[in-house]
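Scroll down for the structure; my scribbles are underneath it.
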Amino acid sequence: MQSVIPPNIILDNLLKNWLLEDIGRGDRTTAGLFSADQVIPGAGYWLVKESGVIAGLPIAARVFQLLDEKVNFLPTVTEGEWCESGTVIAKLDGPLDSLLTGERVALNLGMRLSGIATMTRKYADKIADLSVQLVDTRKTTPGLRILEKYATQVGGAKNHRMGLDDAVMIKDNHIAAAGGIGEAIAKVRETIPYPLTIEVETETLAEVETALEYQADIIMLDNMSVEVMQQAVKIIRQNNSRIKIEASGNITLDTIRNVAQTGVDYVSTSAPITRSTWLDLSMKIEKNITNIAGGGRGLE
């Protein structure tokens, strides 16, 4: 499955704000090393310090491009590739001050996204031989959703809705507010534009029957035991084979395969994002700075 990089028209404003957050009124350290009229060429590389799936290299490249178009960021591995500790995953060159100033924002994003992609891959691998799709959720870090969901794609998952405007998902609190599943589906159907689908969350077989009666397009089986889930899948398939079925709720690496084997179409979980840790990456400058203040030889 090919992952889709967010378009620059959306991405650039985010990256610019994160660069501004880090740089503030100026990079005091780097500015102290170089005089204003110095342009010292630099080169370096990115190194993986623990094994995992690499994600975010095109994002990192864009960080440096926005900071200084003279920086070249060249990945040496494929996005989504599993890399062992010690692998060089990118090389970069350009004005040394720009390499130093952009380092932290670019690395932070690379580490965060690679961590998510790595955890996603672990979940996806558990069900890779089954005809079921792993999907993510809206449990994302505010401001980072588009990139975190990109990382789950890189890891092998499919994106669930990006936001509330993508599709209708009637959850337990909506059901409580409306007075029941049937009432919620009927009210929402009156107002949504074509061709939005309606998904409804169910926790019991009785709720599944109601969702079928009111013709939900997708039925989510939430926090059900595997045994009850199997019964629910059978009921839905016998009623309407075109309805998509999603399983959700407390999905772990230990449980995902049993859930997937019930016959559902999708297994959704926030774990690849919420339970992931950053993958340790670092940037190394290949040459030493010498005699900068005196404007001497520059790099050796």
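Residues are named by chain letter and number: chains run A, B, ... in the order of the structure tokens, numbers start at 1 in each chain, and ligands are numbered from 1 in the order shown.
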
Original post:
Where does DSSP see alpha helix (DSSP H) in segment 23-140 of chain A, if you list the residues as a VMD selection string?
Top reply: chain A and resid 23 28 to 33 57 to 67 96 to 126

Counting only C-alpha atoms, which residues in segment 187-227 of chain A sit no more than 6 Å from segment 240-263 of chain A? For each one, give the nearest pair of atoms and the distance in Å, sorted by chain then residue number, as CSV.
residue,atom,partner,partner_atom,distance
A:Asp217,CA,A:Ile243,CA,5.5
A:Ile218,CA,A:Lys244,CA,4.7
A:Ile219,CA,A:Ile245,CA,5.1
A:Met220,CA,A:Glu246,CA,4.5
A:Leu221,CA,A:Ala247,CA,4.8
A:Asp222,CA,A:Ser248,CA,4.9
A:Asn223,CA,A:Gly249,CA,4.6

Original post:
Counting only C-alpha atoms, what is within 9 Å of His160 of chain A, bar same-chain residues fewer than 3 positions away, as a list of chain:residue names?
Top reply: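 These residues fall inside the cut-off: A:Val135, A:Asp136, A:Thr137, A:Arg138, A:Lys149, A:Gly163, A:Ser268.
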
Original post:
Between A:Leu107, A:Leu196, A:Leu205, A:Leu15, which one has atoms that come closest to Leu281 of chain A, using only C-alpha atoms?
Top reply: A:Leu107

Subject >> Top pick for closest residue to Ala216 of chain A, considering A:Val39, A:Met169, A:Ile175, A:Lys234 and counting only C-alpha atoms >> reply: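 Closest to Ala216 of chain A of all the choices is A:Met169.
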
**OP:** Pick out the residues sitting within 8 Å of Tyr150 of chain A, and hand them over as JSON, numbers by chain; count only C-alpha atoms, and ignore anything fewer than 2 positions along from it in its own chain.
**Re:** {"A": [3, 4, 5, 6, 146, 147, 148, 152, 153, 154]}

**OP:** Please return as a ChimeraX atom specification: the residues of segment 38-236 of chain A that backbone DSSP assigns to strand (DSSP E).
**Re:** /A:41-48,52-53,72-75,82-83,88-95,133-135,168-170,198-202,218-222

Preceding selection exported with N, CA and C atoms as a short mmCIF file (atom, residue, chain, number, x, y, z; two decimals), in the first residue's frame:
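Contents of the output file again28.cif:
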data_model
loop_
_atom_site.label_atom_id
_atom_site.label_comp_id
_atom_site.auth_asym_id
_atom_site.auth_seq_id
_atom_site.Cartn_x
_atom_site.Cartn_y
_atom_site.Cartn_z
N PRO A 41 30.14 25.89 3.68
CA PRO A 41 29.46 24.66 3.25
C PRO A 41 29.57 23.58 4.31
N GLY A 42 28.52 22.80 4.41
CA GLY A 42 28.51 21.71 5.38
C GLY A 42 27.92 20.45 4.78
N ALA A 43 28.17 19.35 5.43
CA ALA A 43 27.62 18.07 4.99
C ALA A 43 27.42 17.19 6.21
N GLY A 44 26.45 16.32 6.14
CA GLY A 44 26.18 15.44 7.27
C GLY A 44 25.30 14.27 6.85
N TYR A 45 24.87 13.51 7.82
CA TYR A 45 24.03 12.35 7.53
C TYR A 45 23.13 12.07 8.72
N TRP A 46 22.06 11.33 8.44
CA TRP A 46 21.15 10.87 9.49
C TRP A 46 21.41 9.40 9.76
N LEU A 47 21.42 9.06 11.03
CA LEU A 47 21.77 7.72 11.46
C LEU A 47 20.66 7.13 12.33
N VAL A 48 20.30 5.87 12.09
CA VAL A 48 19.34 5.16 12.93
C VAL A 48 20.08 4.58 14.13
N GLY A 52 13.97 -0.08 13.30
CA GLY A 52 12.57 0.27 13.14
C GLY A 52 12.25 0.68 11.72
N VAL A 53 10.99 1.07 11.51
CA VAL A 53 10.49 1.50 10.21
C VAL A 53 10.74 3.01 10.07
N ASN A 72 20.38 20.40 0.45
CA ASN A 72 19.98 19.16 -0.23
C ASN A 72 19.84 18.05 0.80
N PHE A 73 18.68 17.43 0.84
CA PHE A 73 18.42 16.32 1.76
C PHE A 73 18.10 15.10 0.92
N LEU A 74 18.97 14.10 0.94
CA LEU A 74 18.84 12.96 0.05
C LEU A 74 18.68 11.67 0.84
N PRO A 75 17.47 11.10 0.89
CA PRO A 75 17.28 9.81 1.57
C PRO A 75 18.12 8.73 0.91
N TRP A 82 12.28 -1.08 6.80
CA TRP A 82 12.77 -1.46 8.13
C TRP A 82 14.29 -1.37 8.10
N CYS A 83 14.86 -0.60 9.01
CA CYS A 83 16.30 -0.39 9.05
C CYS A 83 16.86 -0.82 10.40
N VAL A 88 22.68 4.35 7.85
CA VAL A 88 22.58 5.74 7.40
C VAL A 88 21.35 5.85 6.51
N ILE A 89 20.42 6.71 6.88
CA ILE A 89 19.15 6.78 6.15
C ILE A 89 19.02 8.02 5.27
N ALA A 90 19.91 8.98 5.44
CA ALA A 90 19.86 10.18 4.60
C ALA A 90 21.20 10.89 4.66
N LYS A 91 21.51 11.61 3.58
CA LYS A 91 22.68 12.47 3.55
C LYS A 91 22.22 13.88 3.19
N LEU A 92 22.90 14.88 3.72
CA LEU A 92 22.50 16.24 3.44
C LEU A 92 23.72 17.14 3.33
N ASP A 93 23.55 18.19 2.55
CA ASP A 93 24.62 19.18 2.42
C ASP A 93 23.99 20.52 2.14
N GLY A 94 24.79 21.57 2.37
CA GLY A 94 24.31 22.93 2.17
C GLY A 94 24.99 23.85 3.15
N PRO A 95 24.51 25.09 3.25
CA PRO A 95 25.09 26.02 4.22
C PRO A 95 25.04 25.42 5.63
N GLN A 133 -8.39 -5.25 7.18
CA GLN A 133 -7.53 -4.07 7.09
C GLN A 133 -7.40 -3.41 8.46
N LEU A 134 -6.17 -3.08 8.82
CA LEU A 134 -5.90 -2.30 10.03
C LEU A 134 -6.16 -0.83 9.72
N VAL A 135 -6.91 -0.15 10.58
CA VAL A 135 -7.17 1.28 10.39
C VAL A 135 -6.86 2.04 11.67
N VAL A 168 -19.98 10.15 8.85
CA VAL A 168 -20.76 10.13 10.08
C VAL A 168 -20.37 8.90 10.90
N MET A 169 -20.01 9.12 12.15
CA MET A 169 -19.79 8.01 13.06
C MET A 169 -20.61 8.29 14.33
N ILE A 170 -21.66 7.51 14.50
CA ILE A 170 -22.55 7.69 15.64
C ILE A 170 -22.03 6.82 16.79
N ILE A 198 -22.85 6.39 6.88
CA ILE A 198 -23.19 6.42 8.30
C ILE A 198 -22.64 5.17 8.97
N GLU A 199 -21.78 5.38 9.94
CA GLU A 199 -21.28 4.28 10.76
C GLU A 199 -21.85 4.43 12.16
N VAL A 200 -22.20 3.32 12.75
CA VAL A 200 -22.76 3.37 14.10
C VAL A 200 -22.03 2.40 15.00
N GLU A 201 -21.78 2.84 16.20
CA GLU A 201 -21.09 2.02 17.21
C GLU A 201 -22.11 1.17 17.97
N THR A 202 -21.82 -0.12 18.07
CA THR A 202 -22.71 -1.02 18.82
C THR A 202 -21.90 -1.79 19.86
N ILE A 218 -22.05 1.15 7.88
CA ILE A 218 -20.94 0.48 8.56
C ILE A 218 -21.35 0.25 10.00
N ILE A 219 -21.09 -0.92 10.51
CA ILE A 219 -21.40 -1.22 11.90
C ILE A 219 -20.12 -1.51 12.65
N MET A 220 -19.89 -0.76 13.70
CA MET A 220 -18.72 -0.98 14.54
C MET A 220 -19.10 -1.87 15.72
N LEU A 221 -18.31 -2.91 15.94
CA LEU A 221 -18.48 -3.79 17.09
C LEU A 221 -17.47 -3.36 18.14
N ASP A 222 -17.96 -2.68 19.17
CA ASP A 222 -17.06 -2.02 20.12
C ASP A 222 -16.99 -2.77 21.44
#

Original post:
Near Lys139 of chain A, within 10 Å and counting only C-alpha atoms, which residues show up once chain neighbours fewer than 5 positions away are dropped, as an MDAnalysis selection string?
Top reply: chainID A and resid 145 148:149 269:271 273:274

Can I get the selected residues back with N, CA and C atoms, as an mmCIF file, in the first residue's frame?
data_model
loop_
_atom_site.group_PDB
_atom_site.id
_atom_site.type_symbol
_atom_site.label_atom_id
_atom_site.label_comp_id
_atom_site.auth_asym_id
_atom_site.auth_seq_id
_atom_site.Cartn_x
_atom_site.Cartn_y
_atom_site.Cartn_z
ATOM 1 N N ARG A 145 -2.028 15.654 13.437
ATOM 2 C CA ARG A 145 -2.863 14.563 12.915
ATOM 3 C C ARG A 145 -2.492 14.158 11.497
ATOM 4 N N GLU A 148 0.770 12.228 11.659
ATOM 5 C CA GLU A 148 0.673 10.955 12.377
ATOM 6 C C GLU A 148 -0.119 9.939 11.570
ATOM 7 N N LYS A 149 -1.152 10.399 10.889
ATOM 8 C CA LYS A 149 -1.915 9.480 10.050
ATOM 9 C C LYS A 149 -1.122 9.092 8.799
ATOM 10 N N THR A 269 -7.705 0.776 15.749
ATOM 11 C CA THR A 269 -7.043 0.939 17.039
ATOM 12 C C THR A 269 -6.209 2.208 17.041
ATOM 13 N N SER A 270 -6.166 2.848 18.191
ATOM 14 C CA SER A 270 -5.333 4.044 18.354
ATOM 15 C C SER A 270 -3.913 3.692 18.776
ATOM 16 N N ALA A 271 -3.671 2.421 19.090
ATOM 17 C CA ALA A 271 -2.399 2.007 19.680
ATOM 18 C C ALA A 271 -1.167 2.379 18.861
ATOM 19 N N ILE A 273 -0.471 4.915 17.337
ATOM 20 C CA ILE A 273 -0.118 6.304 17.635
ATOM 21 C C ILE A 273 0.045 6.524 19.134
ATOM 22 N N THR A 274 -0.940 6.095 19.911
ATOM 23 C CA THR A 274 -0.930 6.432 21.342
ATOM 24 C C THR A 274 0.045 5.603 22.163
#

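For Thr277 of chain A, the non-local neighbours within 8 Å, defined as residues at least 5 positions apart in the same chain or in other chains and counting only C-alpha atoms, are A:Arg112, A:Gly115, A:Ile116.
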
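Compared by their closest atoms to Leu100 of chain A, and using only C-alpha atoms, the residues A:Ile40, A:Val208, A:Met119, A:Val228 rank with A:Ile40 nearest.
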
Find the residues near segment 10-13 of chain A: any atom within 12 Å, counting only C-alpha atoms, skip ones fewer than 6 places away on the same chain, and give them as a PDB file with N, CA and C atoms, in the first residue's frame.
ATOM      1  N   LEU A  19       9.131  25.610  12.822  1.00  0.00           N
ATOM      2  CA  LEU A  19      10.444  26.234  12.726  1.00  0.00           C
ATOM      3  C   LEU A  19      10.484  27.530  13.520  1.00  0.00           C
ATOM      4  N   LEU A  20       9.416  28.326  13.406  1.00  0.00           N
ATOM      5  CA  LEU A  20       9.349  29.574  14.166  1.00  0.00           C
ATOM      6  C   LEU A  20       9.343  29.311  15.667  1.00  0.00           C
ATOM      7  N   PRO A  58      10.606  12.552   3.578  1.00  0.00           N
ATOM      8  CA  PRO A  58      10.182  13.671   2.720  1.00  0.00           C
ATOM      9  C   PRO A  58       9.773  14.899   3.542  1.00  0.00           C
ATOM     10  N   ILE A  59       9.254  14.666   4.740  1.00  0.00           N
ATOM     11  CA  ILE A  59       8.867  15.779   5.612  1.00  0.00           C
ATOM     12  C   ILE A  59      10.112  16.511   6.098  1.00  0.00           C
ATOM     13  N   ALA A  60      11.119  15.742   6.502  1.00  0.00           N
ATOM     14  CA  ALA A  60      12.374  16.340   6.947  1.00  0.00           C
ATOM     15  C   ALA A  60      13.020  17.148   5.825  1.00  0.00           C
ATOM     16  N   ALA A  61      12.987  16.599   4.613  1.00  0.00           N
ATOM     17  CA  ALA A  61      13.547  17.323   3.474  1.00  0.00           C
ATOM     18  C   ALA A  61      12.842  18.661   3.284  1.00  0.00           C
ATOM     19  N   ARG A  62      11.531  18.663   3.461  1.00  0.00           N
ATOM     20  CA  ARG A  62      10.772  19.896   3.281  1.00  0.00           C
ATOM     21  C   ARG A  62      11.107  20.918   4.374  1.00  0.00           C
ATOM     22  N   VAL A  63      11.365  20.456   5.587  1.00  0.00           N
ATOM     23  CA  VAL A  63      11.778  21.368   6.671  1.00  0.00           C
ATOM     24  C   VAL A  63      13.014  22.145   6.254  1.00  0.00           C
ATOM     25  N   PHE A  64      14.018  21.440   5.780  1.00  0.00           N
ATOM     26  CA  PHE A  64      15.260  22.099   5.380  1.00  0.00           C
ATOM     27  C   PHE A  64      15.060  22.990   4.157  1.00  0.00           C
ATOM     28  N   GLN A  65      14.208  22.572   3.218  1.00  0.00           N
ATOM     29  CA  GLN A  65      13.964  23.372   2.024  1.00  0.00           C
ATOM     30  C   GLN A  65      13.293  24.698   2.369  1.00  0.00           C
ATOM     31  N   LEU A  66      12.354  24.652   3.323  1.00  0.00           N
ATOM     32  CA  LEU A  66      11.682  25.879   3.744  1.00  0.00           C
ATOM     33  C   LEU A  66      12.632  26.810   4.487  1.00  0.00           C
ATOM     34  N   LEU A  67      13.552  26.224   5.215  1.00  0.00           N
ATOM     35  CA  LEU A  67      14.521  27.023   5.954  1.00  0.00           C
ATOM     36  C   LEU A  67      15.569  27.621   5.023  1.00  0.00           C
ATOM     37  N   GLY A 143      -2.603  19.171  16.074  1.00  0.00           N
ATOM     38  CA  GLY A 143      -1.595  19.816  15.249  1.00  0.00           C
ATOM     39  C   GLY A 143      -0.759  18.847  14.442  1.00  0.00           C
ATOM     40  N   LEU A 144      -0.743  17.580  14.840  1.00  0.00           N
ATOM     41  CA  LEU A 144       0.096  16.590  14.171  1.00  0.00           C
ATOM     42  C   LEU A 144      -0.714  15.520  13.439  1.00  0.00           C
ATOM     43  N   ARG A 145      -2.028  15.654  13.437  1.00  0.00           N
ATOM     44  CA  ARG A 145      -2.863  14.563  12.915  1.00  0.00           C
ATOM     45  C   ARG A 145      -2.492  14.158  11.497  1.00  0.00           C
ATOM     46  N   ILE A 146      -2.341  15.121  10.615  1.00  0.00           N
ATOM     47  CA  ILE A 146      -2.099  14.774   9.215  1.00  0.00           C
ATOM     48  C   ILE A 146      -0.793  14.010   9.043  1.00  0.00           C
ATOM     49  N   LEU A 147       0.197  14.318   9.889  1.00  0.00           N
ATOM     50  CA  LEU A 147       1.479  13.624   9.797  1.00  0.00           C
ATOM     51  C   LEU A 147       1.441  12.288  10.527  1.00  0.00           C
ATOM     52  N   TYR A 150      -0.290   9.986   8.311  1.00  0.00           N
ATOM     53  CA  TYR A 150       0.626   9.618   7.229  1.00  0.00           C
ATOM     54  C   TYR A 150       1.553   8.494   7.694  1.00  0.00           C
TER      55      TYR A 150
END

**OP:** Rank A:Ala55, A:Gly102, A:Tyr214, A:Thr120 by their smallest atom-to-atom distance to Lys187 of chain A, using only C-alpha atoms, and report the top residue only.
**Re:**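 Among the listed residues, A:Tyr214 lies closest to Lys187 of chain A.
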
**OP:** Quote the spacing between atom CA of Gly26 of chain A and atom CA of Met111 of chain A in Å to one decimal place.
**Re:**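 That distance, rounded to one decimal, is 24.0 Å.
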
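Compared by their closest atoms to Glu50 of chain A, and using only C-alpha atoms, the residues A:Asn159, A:Ala232, A:Val226, A:Thr87 rank with A:Thr87 nearest.
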
Subject >> d(atom CA of Gly155 of chain A, atom CA of Tyr266 of chain A) in Å >> reply: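 Computed distance, atom CA of Gly155 of chain A to atom CA of Tyr266 of chain A, equals 16.0 Å.
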